[in-house]
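Structure file query-v5.cif (mmCIF, C-alpha atoms) is printed below.
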data_final
#
loop_
_atom_site.group_PDB
_atom_site.id
_atom_site.type_symbol
_atom_site.label_atom_id
_atom_site.label_comp_id
_atom_site.auth_asym_id
_atom_site.auth_seq_id
_atom_site.Cartn_x
_atom_site.Cartn_y
_atom_site.Cartn_z
ATOM 1 C CA MET A 189 -50.386 148.382 -54.565
ATOM 2 C CA PRO A 190 -52.169 145.149 -53.557
ATOM 3 C CA ALA A 191 -50.135 141.983 -54.060
ATOM 4 C CA ARG A 192 -51.333 139.320 -56.505
ATOM 5 C CA THR A 193 -50.284 135.728 -55.927
ATOM 6 C CA ASP A 194 -51.162 132.497 -57.705
ATOM 7 C CA LEU A 195 -53.201 129.960 -55.792
ATOM 8 C CA THR A 196 -54.640 126.531 -56.574
ATOM 9 C CA PHE A 197 -57.538 124.787 -54.842
ATOM 10 C CA LEU A 198 -59.293 121.497 -55.516
ATOM 11 C CA SER A 199 -62.853 121.040 -56.719
ATOM 12 C CA ALA A 200 -63.930 117.382 -56.865
ATOM 13 C CA GLY A 201 -60.230 116.525 -56.870
ATOM 14 C CA VAL A 202 -59.452 118.727 -59.892
ATOM 15 C CA PRO A 203 -57.095 121.723 -59.505
ATOM 16 C CA CYS A 204 -58.677 125.131 -60.069
ATOM 17 C CA ALA A 205 -56.363 128.055 -60.761
ATOM 18 C CA ALA A 206 -56.914 131.341 -58.943
ATOM 19 C CA TRP A 207 -55.396 134.683 -58.087
ATOM 20 C CA LEU A 208 -55.369 136.003 -54.536
ATOM 21 C CA PHE A 209 -55.203 139.774 -54.150
ATOM 22 C CA THR A 210 -54.057 140.864 -50.712
ATOM 23 C CA PRO A 211 -54.585 144.404 -49.413
ATOM 24 C CA GLU A 212 -51.581 146.440 -48.340
ATOM 25 C CA ASP A 213 -52.432 146.262 -44.637
ATOM 26 C CA ALA A 214 -52.667 142.454 -44.680
ATOM 27 C CA GLY A 215 -51.668 140.931 -41.370
ATOM 28 C CA GLU A 216 -52.815 143.849 -39.252
ATOM 29 C CA ARG A 217 -56.337 142.447 -38.792
ATOM 30 C CA PRO A 218 -58.644 139.881 -40.395
ATOM 31 C CA HIS A 219 -60.071 141.009 -43.727
ATOM 32 C CA GLY A 220 -63.267 140.458 -45.567
ATOM 33 C CA ILE A 221 -62.846 138.691 -48.892
ATOM 34 C CA VAL A 222 -64.605 138.782 -52.266
ATOM 35 C CA VAL A 223 -64.796 135.590 -54.354
ATOM 36 C CA MET A 224 -65.104 136.345 -58.083
ATOM 37 C CA GLY A 225 -65.976 134.330 -61.191
ATOM 38 C CA HIS A 226 -66.555 135.238 -64.846
ATOM 39 C CA GLY A 227 -69.307 134.695 -67.370
ATOM 40 C CA LEU A 228 -70.029 132.199 -70.125
ATOM 41 C CA GLY A 229 -66.844 130.595 -71.444
ATOM 42 C CA LEU A 230 -64.591 133.279 -69.969
ATOM 43 C CA THR A 231 -61.709 133.226 -67.506
ATOM 44 C CA ARG A 232 -60.207 135.503 -64.868
ATOM 45 C CA ARG A 233 -57.899 136.932 -67.559
ATOM 46 C CA ALA A 234 -60.853 138.475 -69.412
ATOM 47 C CA GLY A 235 -61.023 141.735 -67.490
ATOM 48 C CA LEU A 236 -61.583 140.661 -63.879
ATOM 49 C CA GLU A 237 -58.252 141.917 -62.541
ATOM 50 C CA ARG A 238 -59.385 145.528 -62.915
ATOM 51 C CA TYR A 239 -62.290 144.887 -60.558
ATOM 52 C CA ALA A 240 -60.226 142.810 -58.137
ATOM 53 C CA ARG A 241 -57.553 145.484 -57.765
ATOM 54 C CA ARG A 242 -60.117 148.161 -57.022
ATOM 55 C CA PHE A 243 -61.690 146.013 -54.310
ATOM 56 C CA SER A 244 -58.292 145.143 -52.842
ATOM 57 C CA GLU A 245 -57.181 148.769 -52.859
ATOM 58 C CA ALA A 246 -60.249 149.416 -50.694
ATOM 59 C CA GLY A 247 -58.901 147.033 -48.043
ATOM 60 C CA LEU A 248 -60.470 143.713 -49.060
ATOM 61 C CA ALA A 249 -58.880 140.428 -50.032
ATOM 62 C CA VAL A 250 -60.067 139.021 -53.382
ATOM 63 C CA LEU A 251 -60.018 135.483 -54.794
ATOM 64 C CA VAL A 252 -60.561 135.225 -58.580
ATOM 65 C CA PHE A 253 -60.785 131.730 -60.065
ATOM 66 C CA ASP A 254 -61.201 129.752 -63.291
ATOM 67 C CA TYR A 255 -63.766 126.968 -63.561
ATOM 68 C CA ARG A 256 -62.720 123.404 -64.217
ATOM 69 C CA GLY A 257 -62.125 122.923 -67.922
ATOM 70 C CA PHE A 258 -61.388 126.616 -68.511
ATOM 71 C CA GLY A 259 -58.351 128.872 -68.435
ATOM 72 C CA ASP A 260 -55.505 127.605 -66.281
ATOM 73 C CA SER A 261 -57.617 125.107 -64.343
ATOM 74 C CA GLY A 262 -57.513 121.368 -64.932
ATOM 75 C CA GLY A 263 -60.375 119.149 -65.913
ATOM 76 C CA SER A 264 -61.985 117.822 -69.069
ATOM 77 C CA PRO A 265 -63.766 118.054 -71.362
ATOM 78 C CA ARG A 266 -62.390 121.506 -72.018
ATOM 79 C CA GLU A 267 -64.521 124.591 -72.656
ATOM 80 C CA THR A 268 -67.759 122.831 -71.781
ATOM 81 C CA VAL A 269 -70.336 124.550 -69.570
ATOM 82 C CA HIS A 270 -71.773 122.214 -66.959
ATOM 83 C CA VAL A 271 -73.847 124.115 -64.403
ATOM 84 C CA ARG A 272 -73.585 121.597 -61.548
ATOM 85 C CA ARG A 273 -69.809 121.452 -61.874
ATOM 86 C CA GLN A 274 -69.459 125.222 -61.969
ATOM 87 C CA LEU A 275 -71.601 125.569 -58.856
ATOM 88 C CA ALA A 276 -69.388 122.974 -57.162
ATOM 89 C CA ASP A 277 -66.361 125.061 -58.164
ATOM 90 C CA TRP A 278 -67.979 128.089 -56.526
ATOM 91 C CA ARG A 279 -68.546 126.145 -53.309
ATOM 92 C CA ALA A 280 -64.916 125.008 -53.312
ATOM 93 C CA ALA A 281 -63.706 128.567 -53.964
ATOM 94 C CA VAL A 282 -65.798 129.942 -51.090
ATOM 95 C CA ALA A 283 -64.525 127.218 -48.748
ATOM 96 C CA THR A 284 -60.963 128.050 -49.780
ATOM 97 C CA ALA A 285 -61.528 131.770 -49.171
ATOM 98 C CA ARG A 286 -62.827 131.084 -45.665
ATOM 99 C CA SER A 287 -59.740 129.017 -44.848
ATOM 100 C CA LEU A 288 -57.138 131.592 -45.909
ATOM 101 C CA PRO A 289 -54.875 133.157 -43.270
ATOM 102 C CA GLY A 290 -55.847 136.700 -42.382
ATOM 103 C CA VAL A 291 -59.417 136.303 -43.674
ATOM 104 C CA ASP A 292 -62.492 136.636 -41.496
ATOM 105 C CA PRO A 293 -64.613 133.613 -42.546
ATOM 106 C CA ALA A 294 -67.768 135.463 -41.495
ATOM 107 C CA ARG A 295 -67.128 138.221 -44.057
ATOM 108 C CA VAL A 296 -67.161 136.494 -47.446
ATOM 109 C CA ALA A 297 -68.937 138.063 -50.432
ATOM 110 C CA VAL A 298 -69.549 136.514 -53.847
ATOM 111 C CA TRP A 299 -69.284 138.566 -57.054
ATOM 112 C CA GLY A 300 -70.391 137.258 -60.424
ATOM 113 C CA THR A 301 -70.933 138.768 -63.830
ATOM 114 C CA SER A 302 -73.165 137.545 -66.673
ATOM 115 C CA PHE A 303 -73.503 133.736 -66.345
ATOM 116 C CA ALA A 304 -71.692 133.874 -62.994
ATOM 117 C CA GLY A 305 -74.146 136.556 -61.917
ATOM 118 C CA GLY A 306 -76.680 133.746 -61.858
ATOM 119 C CA HIS A 307 -74.284 131.410 -60.055
ATOM 120 C CA VAL A 308 -73.801 133.824 -57.144
ATOM 121 C CA LEU A 309 -77.562 134.032 -56.642
ATOM 122 C CA ARG A 310 -77.664 130.254 -56.269
ATOM 123 C CA ILE A 311 -74.649 130.166 -53.949
ATOM 124 C CA ALA A 312 -75.970 132.910 -51.663
ATOM 125 C CA ALA A 313 -79.408 131.283 -51.552
ATOM 126 C CA GLU A 314 -77.995 127.972 -50.323
ATOM 127 C CA ASP A 315 -75.237 129.332 -48.050
ATOM 128 C CA PRO A 316 -76.638 131.593 -45.303
ATOM 129 C CA ALA A 317 -73.095 132.388 -44.122
ATOM 130 C CA ILE A 318 -72.377 134.441 -47.260
ATOM 131 C CA ALA A 319 -72.213 138.079 -46.139
ATOM 132 C CA ALA A 320 -73.065 139.931 -49.373
ATOM 133 C CA VAL A 321 -73.672 139.421 -53.094
ATOM 134 C CA VAL A 322 -72.838 141.425 -56.214
ATOM 135 C CA ALA A 323 -74.475 140.309 -59.476
ATOM 136 C CA GLN A 324 -73.515 142.262 -62.592
ATOM 137 C CA CYS A 325 -75.675 141.968 -65.752
ATOM 138 C CA PRO A 326 -76.750 138.588 -64.342
ATOM 139 C CA PHE A 327 -78.028 135.659 -66.385
ATOM 140 C CA THR A 328 -81.151 134.683 -64.469
ATOM 141 C CA ASP A 329 -83.358 132.645 -66.813
ATOM 142 C CA GLY A 330 -82.285 130.434 -69.709
ATOM 143 C CA LEU A 331 -85.705 130.385 -71.313
ATOM 144 C CA ALA A 332 -85.976 134.184 -71.219
ATOM 145 C CA SER A 333 -82.532 134.550 -72.776
ATOM 146 C CA ALA A 334 -83.354 132.001 -75.497
ATOM 147 C CA ALA A 335 -86.563 133.870 -76.294
ATOM 148 C CA ARG A 336 -84.478 136.910 -77.242
ATOM 149 C CA LEU A 337 -82.824 134.991 -80.077
ATOM 150 C CA TRP A 338 -84.305 134.976 -83.547
ATOM 151 C CA PRO A 339 -85.723 131.545 -84.489
ATOM 152 C CA GLY A 340 -83.060 131.353 -87.191
ATOM 153 C CA ALA A 341 -80.305 131.620 -84.569
ATOM 154 C CA LEU A 342 -81.732 128.648 -82.681
ATOM 155 C CA LEU A 343 -82.103 126.623 -85.893
ATOM 156 C CA ARG A 344 -78.486 127.285 -86.876
ATOM 157 C CA LEU A 345 -77.335 126.029 -83.497
ATOM 158 C CA LEU A 346 -79.386 122.832 -83.655
ATOM 159 C CA PRO A 347 -77.174 120.723 -86.020
ATOM 160 C CA PRO A 348 -73.920 121.232 -84.049
ATOM 161 C CA LEU A 349 -75.829 120.723 -80.800
ATOM 162 C CA LEU A 350 -77.238 117.371 -81.903
ATOM 163 C CA ASP A 351 -73.848 116.314 -83.249
ATOM 164 C CA ASP A 352 -72.187 117.217 -79.953
ATOM 165 C CA LEU A 353 -74.760 115.336 -77.905
ATOM 166 C CA LEU A 354 -73.975 112.250 -79.983
ATOM 167 C CA ARG A 355 -70.270 112.866 -79.394
ATOM 168 C CA ALA A 356 -70.878 113.113 -75.656
ATOM 169 C CA ALA A 357 -72.836 109.840 -75.669
ATOM 170 C CA THR A 358 -70.006 108.053 -77.504
ATOM 171 C CA GLY A 359 -67.137 109.584 -75.545
ATOM 172 C CA ARG A 360 -65.726 111.666 -78.387
ATOM 173 C CA PRO A 361 -64.250 115.178 -78.098
ATOM 174 C CA PRO A 362 -66.792 118.020 -78.100
ATOM 175 C CA ARG A 363 -68.028 119.765 -81.228
ATOM 176 C CA MET A 364 -67.137 123.398 -80.767
ATOM 177 C CA VAL A 365 -69.107 126.485 -81.753
ATOM 178 C CA ALA A 366 -68.469 130.165 -81.148
ATOM 179 C CA ALA A 367 -69.443 131.425 -77.718
ATOM 180 C CA ALA A 368 -70.346 134.794 -79.255
ATOM 181 C CA ALA A 369 -70.785 135.642 -82.931
ATOM 182 C CA ASP A 370 -72.471 138.029 -85.310
ATOM 183 C CA PRO A 371 -75.968 137.090 -86.507
ATOM 184 C CA GLY A 372 -75.919 134.286 -89.080
ATOM 185 C CA THR A 373 -73.206 132.226 -87.388
ATOM 186 C CA PRO A 374 -73.979 129.246 -85.112
ATOM 187 C CA ALA A 375 -73.163 130.472 -81.603
ATOM 188 C CA LEU A 376 -74.492 130.497 -78.074
ATOM 189 C CA MET A 377 -74.680 134.300 -78.039
ATOM 190 C CA THR A 378 -75.576 136.324 -81.132
ATOM 191 C CA GLY A 379 -77.656 139.241 -79.876
ATOM 192 C CA GLY A 380 -76.664 142.894 -79.775
ATOM 193 C CA ASP A 381 -72.932 143.533 -79.411
ATOM 194 C CA ALA A 382 -72.171 139.899 -78.582
ATOM 195 C CA ARG A 383 -69.087 139.149 -80.679
ATOM 196 C CA ALA A 384 -67.376 142.529 -80.458
ATOM 197 C CA GLY A 385 -68.152 142.897 -76.773
ATOM 198 C CA TYR A 386 -67.014 139.371 -75.931
ATOM 199 C CA GLU A 387 -63.724 139.709 -77.773
ATOM 200 C CA ALA A 388 -63.008 143.069 -76.115
ATOM 201 C CA LEU A 389 -62.871 141.445 -72.668
ATOM 202 C CA THR A 390 -59.109 141.261 -72.330
ATOM 203 C CA GLU A 391 -56.359 142.826 -70.267
ATOM 204 C CA ASP A 392 -53.305 141.877 -72.327
ATOM 205 C CA GLY A 393 -54.591 142.434 -75.856
ATOM 206 C CA THR A 394 -55.323 138.755 -76.481
ATOM 207 C CA PRO A 395 -59.033 138.112 -77.161
ATOM 208 C CA PRO A 396 -60.783 135.264 -75.307
ATOM 209 C CA ALA A 397 -60.822 131.879 -77.022
ATOM 210 C CA ASN A 398 -64.482 132.412 -78.001
ATOM 211 C CA ARG A 399 -65.361 128.726 -78.318
ATOM 212 C CA LEU A 400 -67.576 126.399 -76.351
ATOM 213 C CA ALA A 401 -68.816 122.857 -76.712
ATOM 214 C CA ALA A 402 -72.181 122.992 -78.468
ATOM 215 C CA ARG A 403 -73.662 120.703 -75.777
ATOM 216 C CA SER A 404 -73.310 123.651 -73.375
ATOM 217 C CA GLY A 405 -76.466 125.057 -74.934
ATOM 218 C CA LEU A 406 -78.726 122.569 -73.153
ATOM 219 C CA SER A 407 -77.165 123.308 -69.772
ATOM 220 C CA ILE A 408 -77.674 127.029 -70.354
ATOM 221 C CA LEU A 409 -81.258 126.700 -71.583
ATOM 222 C CA ALA A 410 -82.381 124.726 -68.523
ATOM 223 C CA TYR A 411 -80.704 127.035 -65.998
ATOM 224 C CA ARG A 412 -82.944 129.469 -64.093
ATOM 225 C CA PRO A 413 -80.823 130.746 -61.182
ATOM 226 C CA GLY A 414 -82.995 133.828 -60.749
ATOM 227 C CA THR A 415 -85.630 131.719 -59.017
ATOM 228 C CA ALA A 416 -83.209 131.338 -56.081
ATOM 229 C CA ALA A 417 -83.121 135.084 -55.385
ATOM 230 C CA ARG A 418 -86.188 134.950 -53.134
ATOM 231 C CA ARG A 419 -84.152 132.898 -50.636
ATOM 232 C CA ILE A 420 -81.328 135.448 -50.347
ATOM 233 C CA ARG A 421 -81.418 137.206 -46.983
ATOM 234 C CA VAL A 422 -78.159 139.200 -47.147
ATOM 235 C CA PRO A 423 -77.466 142.525 -48.915
ATOM 236 C CA LEU A 424 -77.618 142.100 -52.699
ATOM 237 C CA LEU A 425 -76.321 144.628 -55.225
ATOM 238 C CA VAL A 426 -77.437 144.071 -58.818
ATOM 239 C CA HIS A 427 -76.255 146.063 -61.824
ATOM 240 C CA LEU A 428 -78.628 145.656 -64.760
ATOM 241 C CA CYS A 429 -78.051 146.672 -68.380
ATOM 242 C CA ARG A 430 -81.344 148.072 -69.621
ATOM 243 C CA GLU A 431 -80.519 147.329 -73.283
ATOM 244 C CA ASP A 432 -79.219 143.835 -72.548
ATOM 245 C CA ALA A 433 -79.901 141.520 -75.510
ATOM 246 C CA LEU A 434 -78.499 138.430 -73.758
ATOM 247 C CA ALA A 435 -79.768 138.554 -70.163
ATOM 248 C CA PRO A 436 -83.086 140.462 -70.302
ATOM 249 C CA ALA A 437 -83.155 143.175 -67.653
ATOM 250 C CA GLY A 438 -86.901 142.909 -67.094
ATOM 251 C CA THR A 439 -86.697 139.231 -66.217
ATOM 252 C CA SER A 440 -83.712 139.770 -63.928
ATOM 253 C CA ARG A 441 -85.418 142.709 -62.236
ATOM 254 C CA ARG A 442 -88.414 140.553 -61.365
ATOM 255 C CA HIS A 443 -86.276 137.754 -59.996
ATOM 256 C CA VAL A 444 -83.839 139.768 -57.873
ATOM 257 C CA GLY A 445 -86.600 142.023 -56.619
ATOM 258 C CA ARG A 446 -87.840 139.070 -54.559
ATOM 259 C CA ALA A 447 -84.668 139.006 -52.429
ATOM 260 C CA ALA A 448 -84.890 140.312 -48.867
ATOM 261 C CA ASP A 449 -82.521 143.274 -49.330
ATOM 262 C CA PRO A 450 -81.945 144.045 -53.024
ATOM 263 C CA HIS A 451 -80.328 147.215 -54.308
ATOM 264 C CA ILE A 452 -80.866 147.412 -58.079
ATOM 265 C CA VAL A 453 -78.949 149.860 -60.269
ATOM 266 C CA GLU A 454 -79.781 150.174 -63.963
ATOM 267 C CA ALA A 455 -77.799 151.698 -66.810
ATOM 268 C CA PRO A 456 -79.027 152.402 -70.378
ATOM 269 C CA VAL A 457 -76.379 150.150 -71.935
ATOM 270 C CA GLY A 458 -75.970 146.758 -73.595
ATOM 271 C CA HIS A 459 -74.610 143.604 -71.998
ATOM 272 C CA PHE A 460 -70.932 144.264 -72.704
ATOM 273 C CA GLU A 461 -70.825 148.049 -72.403
ATOM 274 C CA ILE A 462 -70.799 147.834 -68.619
ATOM 275 C CA TYR A 463 -67.202 146.544 -68.722
ATOM 276 C CA GLN A 464 -65.856 149.608 -70.527
ATOM 277 C CA GLY A 465 -65.125 153.299 -70.005
ATOM 278 C CA GLU A 466 -67.343 155.452 -67.831
ATOM 279 C CA HIS A 467 -69.812 152.613 -67.285
ATOM 280 C CA PHE A 468 -67.073 150.463 -65.764
ATOM 281 C CA ASP A 469 -65.846 153.344 -63.601
ATOM 282 C CA ARG A 470 -69.307 154.105 -62.244
ATOM 283 C CA THR A 471 -70.161 150.453 -61.656
ATOM 284 C CA VAL A 472 -66.928 149.441 -59.947
ATOM 285 C CA THR A 473 -67.090 152.528 -57.712
ATOM 286 C CA GLU A 474 -70.601 151.583 -56.566
ATOM 287 C CA GLN A 475 -69.580 147.965 -56.061
ATOM 288 C CA THR A 476 -66.515 148.951 -54.045
ATOM 289 C CA ALA A 477 -68.580 151.155 -51.729
ATOM 290 C CA PHE A 478 -71.134 148.364 -51.277
ATOM 291 C CA LEU A 479 -68.474 145.753 -50.487
ATOM 292 C CA ARG A 480 -66.661 148.032 -48.053
ATOM 293 C CA ARG A 481 -69.933 148.741 -46.289
ATOM 294 C CA THR A 482 -70.955 145.094 -46.011
ATOM 295 C CA LEU A 483 -67.553 143.466 -45.374
ATOM 296 C CA THR A 484 -65.618 145.970 -43.268
ATOM 297 C CA ALA A 485 -65.689 145.239 -39.566
ATOM 298 C CA PRO A 486 -67.140 148.000 -37.351
#
Will you turn the file into structure tokens for me?
Amino acid sequence: MPARTDLTFLSAGVPCAAWLFTPEDAGERPHGIVVMGHGLGLTRRAGLERYARRFSEAGLAVLVFDYRGFGDSGGSPRETVHVRRQLADWRAAVATARSLPGVDPARVAVWGTSFAGGHVLRIAAEDPAIAAVVAQCPFTDGLASAARLWPGALLRLLPPLLDDLLRAATGRPPRMVAAAADPGTPALMTGGDARAGYEALTEDGTPPANRLAARSGLSILAYRPGTAARRIRVPLLVHLCREDALAPAGTSRRHVGRAADPHIVEAPVGHFEIYQGEHFDRTVTEQTAFLRRTLTAP
């Protein structure tokens, strides 16, 4: 069984917590490595270990990390999405992966799901040394995602958002809202199976915290990472959820289809169904084969 060890790296001087999964034949030859990050408001403990172990069992090293302000990483304010900072964390994680003993720095892939599925498009577009990309149910366009919300959902979010922006301007702690909730509750995600699916993303029976600073909404709305896909020149595997109420599949399909070498797989499921049961098994099997093909030395 692949070994899992704790690891810490610095991003802008702040410690980021990570797990390093090492394949059983570590030390025999340099390995490719997969760098992994989670979606909106989530951490590595919300279901990513299952993916990482499958990739490591296939002979790859895997680095799974928490963003600053989330999970076991340092940084403040806590539980606040800031796109530029998260992209900086990705760059620091990739640099760390390339520096690890036993890793071939020319064989680094990035894997992101949901909000991080957008991040990996940006990272691969700006870093031509990335060897491969996996984007699962990727968030590609903030405006397209916002358009899927009922006007009432946006109106309910407006008062806490304005209050939190005032708090940010005056240096006070953030005003929190639910990351995912049922319709009728102020939250950043309310479509489809948002609350139930979000809270099911756990490996130890403890649901995610399900809270984010309301100010995160502006960062999310303005983010359009899908536009970077046209600059990606390496193999790109994208798993789309056809019934996705949070990251519209049609918009993502148009964006990622502009990459040089996209392989797009669609499933007739909602945003959170892809993490469970047969959908997880099928998806992780396809991702493992793709990563072995693109990261294993000839």
*Nearest to Ala435 of chain A, chosen from A:Gly225, A:Pro326, A:Pro396, A:Gly235, with all atoms listed in the file counted in the distances*: A:Pro326
*Check which residues satisfy the PyMOL selection byres ((chain A and resi 248-258) around 7) in the file shown, then give them as number ranges by chain.*
A: 204-211, 219-225, 231-232, 240, 243-244, 246-247, 259-268, 274, 277, 285
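Atom CA of Ala200 of chain A is found 13.1 Å from atom CA of Thr284 of chain A.
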*Got a sec to resolve the PyMOL selection byres ((chain A and resi 461-463) around 12) on this structure and send the residues as JSON, numbers by chain?*
{"A": [226, 234, 235, 236, 237, 238, 239, 301, 302, 324, 325, 326, 380, 381, 382, 384, 385, 386, 387, 388, 389, 390, 391, 427, 428, 429, 430, 431, 432, 433, 453, 454, 455, 456, 457, 458, 459, 460, 464, 465, 466, 467, 468, 469, 470, 471, 472]}
*asked:* So, with all atoms listed in the file as the atoms that count, which of A:Ala367, A:Ala375, A:Ala323, A:Leu434 lies closest to Leu230 of chain A?
replied: A:Ala367
*Selected by the PyMOL selection byres ((chain A and resi 404-417) around 6) in the shown coordinates: which residues, as a ChimeraX atom specification?*
/A:268-269,306,309-310,313,328-331,401-403,418-420,443-444,447
*Considering all atoms listed in the file, state which residue in the set A:Val282, A:Val291, A:Leu376, A:Pro361 is at the smallest distance from Ile318 of chain A.*
A:Val282
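The shortest atom-to-atom distance to Arg399 of chain A, with only C-alpha atoms taken into account, belongs to A:Met364 out of A:Val422, A:Met364, A:Leu288, A:Ala369.
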Against segment 478-483 of chain A, which residues of segment 293-337 of chain A fall within 8 Å? For each one I want the closest pair of atoms and the distance in Å (one decimal), counting only C-alpha atoms, rows by chain and increasing residue number, as a tab-separated table.
residue	atom	partner	partner_atom	distance
A:Arg295	CA	A:Leu483	CA	5.4
A:Val296	CA	A:Leu483	CA	7.3
A:Ala297	CA	A:Leu483	CA	7.5
A:Ala319	CA	A:Thr482	CA	7.1
A:Ala320	CA	A:Thr482	CA	6.5
Would you save the residues from that selection as a JSON list (two decimals), keeping the file's coordinate frame, using C-alpha atoms?
[["chain", "number", "residue", "atom", "x", "y", "z"],
["A", 295, "ARG", "CA", -67.13, 138.22, -44.06],
["A", 296, "VAL", "CA", -67.16, 136.49, -47.45],
["A", 297, "ALA", "CA", -68.94, 138.06, -50.43],
["A", 319, "ALA", "CA", -72.21, 138.08, -46.14],
["A", 320, "ALA", "CA", -73.06, 139.93, -49.37]]
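Going from atom CA of Glu245 of chain A over to atom CA of Asp315 of chain A, you cover 27.0 Å.
Distances here use all atoms listed in the file; by that measure, the residue among A:Asp351, A:Ala357, A:Val426, A:Thr484 closest to Asp292 of chain A is A:Thr484.
Here atom CA of Pro347 of chain A is placed at a distance of 17.9 Å from atom CA of Asp370 of chain A.
Restricting the calculation to only C-alpha atoms, the smallest distance between Ser199 of chain A and any of A:His307, A:Arg279, A:His451, A:Arg363 is found for A:Arg279.
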If I wrap all listed atoms of segment 371-374 of chain A in a box with edges along x, y and z and add 5 Å on each side, what are its centre and edge lengths in Å to one decimal, as lines of an AutoDock Vina configuration file?
center_x = -74.6
center_y = 133.2
center_z = -87.1
size_x = 12.8
size_y = 17.8
size_z = 14.0
Complete the atom set of segment 407-412 of chain A to all heavy atoms and return it as an mmCIF file, keeping the file's coordinate frame.
data_model
loop_
_atom_site.group_PDB
_atom_site.id
_atom_site.type_symbol
_atom_site.label_atom_id
_atom_site.label_comp_id
_atom_site.auth_asym_id
_atom_site.auth_seq_id
_atom_site.Cartn_x
_atom_site.Cartn_y
_atom_site.Cartn_z
ATOM 1 N N SER A 407 -77.382 122.945 -71.169
ATOM 2 C CA SER A 407 -77.165 123.308 -69.772
ATOM 3 C C SER A 407 -77.599 124.749 -69.515
ATOM 4 O O SER A 407 -78.203 125.070 -68.489
ATOM 5 C CB SER A 407 -75.688 123.123 -69.410
ATOM 6 O OG SER A 407 -75.473 123.272 -68.027
ATOM 7 N N ILE A 408 -77.324 125.616 -70.478
ATOM 8 C CA ILE A 408 -77.674 127.029 -70.354
ATOM 9 C C ILE A 408 -79.188 127.209 -70.423
ATOM 10 O O ILE A 408 -79.785 127.935 -69.614
ATOM 11 C CB ILE A 408 -76.976 127.839 -71.457
ATOM 12 C CG1 ILE A 408 -75.452 127.768 -71.275
ATOM 13 C CG2 ILE A 408 -77.451 129.286 -71.467
ATOM 14 C CD1 ILE A 408 -74.677 128.199 -72.509
ATOM 15 N N LEU A 409 -79.820 126.555 -71.379
ATOM 16 C CA LEU A 409 -81.258 126.700 -71.583
ATOM 17 C C LEU A 409 -82.054 126.306 -70.344
ATOM 18 O O LEU A 409 -83.054 126.941 -69.988
ATOM 19 C CB LEU A 409 -81.693 125.855 -72.780
ATOM 20 C CG LEU A 409 -83.181 125.881 -73.131
ATOM 21 C CD1 LEU A 409 -83.596 127.269 -73.601
ATOM 22 C CD2 LEU A 409 -83.480 124.841 -74.220
ATOM 23 N N ALA A 410 -81.628 125.249 -69.669
ATOM 24 C CA ALA A 410 -82.381 124.726 -68.523
ATOM 25 C C ALA A 410 -82.084 125.453 -67.217
ATOM 26 O O ALA A 410 -82.719 125.164 -66.194
ATOM 27 C CB ALA A 410 -82.066 123.231 -68.354
ATOM 28 N N TYR A 411 -81.169 126.397 -67.238
ATOM 29 C CA TYR A 411 -80.704 127.035 -65.998
ATOM 30 C C TYR A 411 -81.538 128.275 -65.697
ATOM 31 O O TYR A 411 -81.646 129.180 -66.531
ATOM 32 C CB TYR A 411 -79.238 127.406 -66.163
ATOM 33 C CG TYR A 411 -78.520 127.800 -64.902
ATOM 34 C CD1 TYR A 411 -78.802 127.202 -63.679
ATOM 35 C CD2 TYR A 411 -77.505 128.759 -64.938
ATOM 36 C CE1 TYR A 411 -78.113 127.544 -62.532
ATOM 37 C CE2 TYR A 411 -76.803 129.117 -63.803
ATOM 38 C CZ TYR A 411 -77.104 128.510 -62.600
ATOM 39 O OH TYR A 411 -76.414 128.856 -61.460
ATOM 40 N N ARG A 412 -82.127 128.323 -64.498
ATOM 41 C CA ARG A 412 -82.944 129.469 -64.093
ATOM 42 C C ARG A 412 -82.540 129.907 -62.669
ATOM 43 O O ARG A 412 -83.310 129.831 -61.710
ATOM 44 C CB ARG A 412 -84.429 129.119 -64.146
ATOM 45 C CG ARG A 412 -84.904 128.635 -65.517
ATOM 46 C CD ARG A 412 -86.403 128.427 -65.548
ATOM 47 N NE ARG A 412 -87.100 129.698 -65.458
ATOM 48 C CZ ARG A 412 -88.121 129.939 -64.612
ATOM 49 N NH1 ARG A 412 -88.528 128.995 -63.788
ATOM 50 N NH2 ARG A 412 -88.708 131.117 -64.594
#
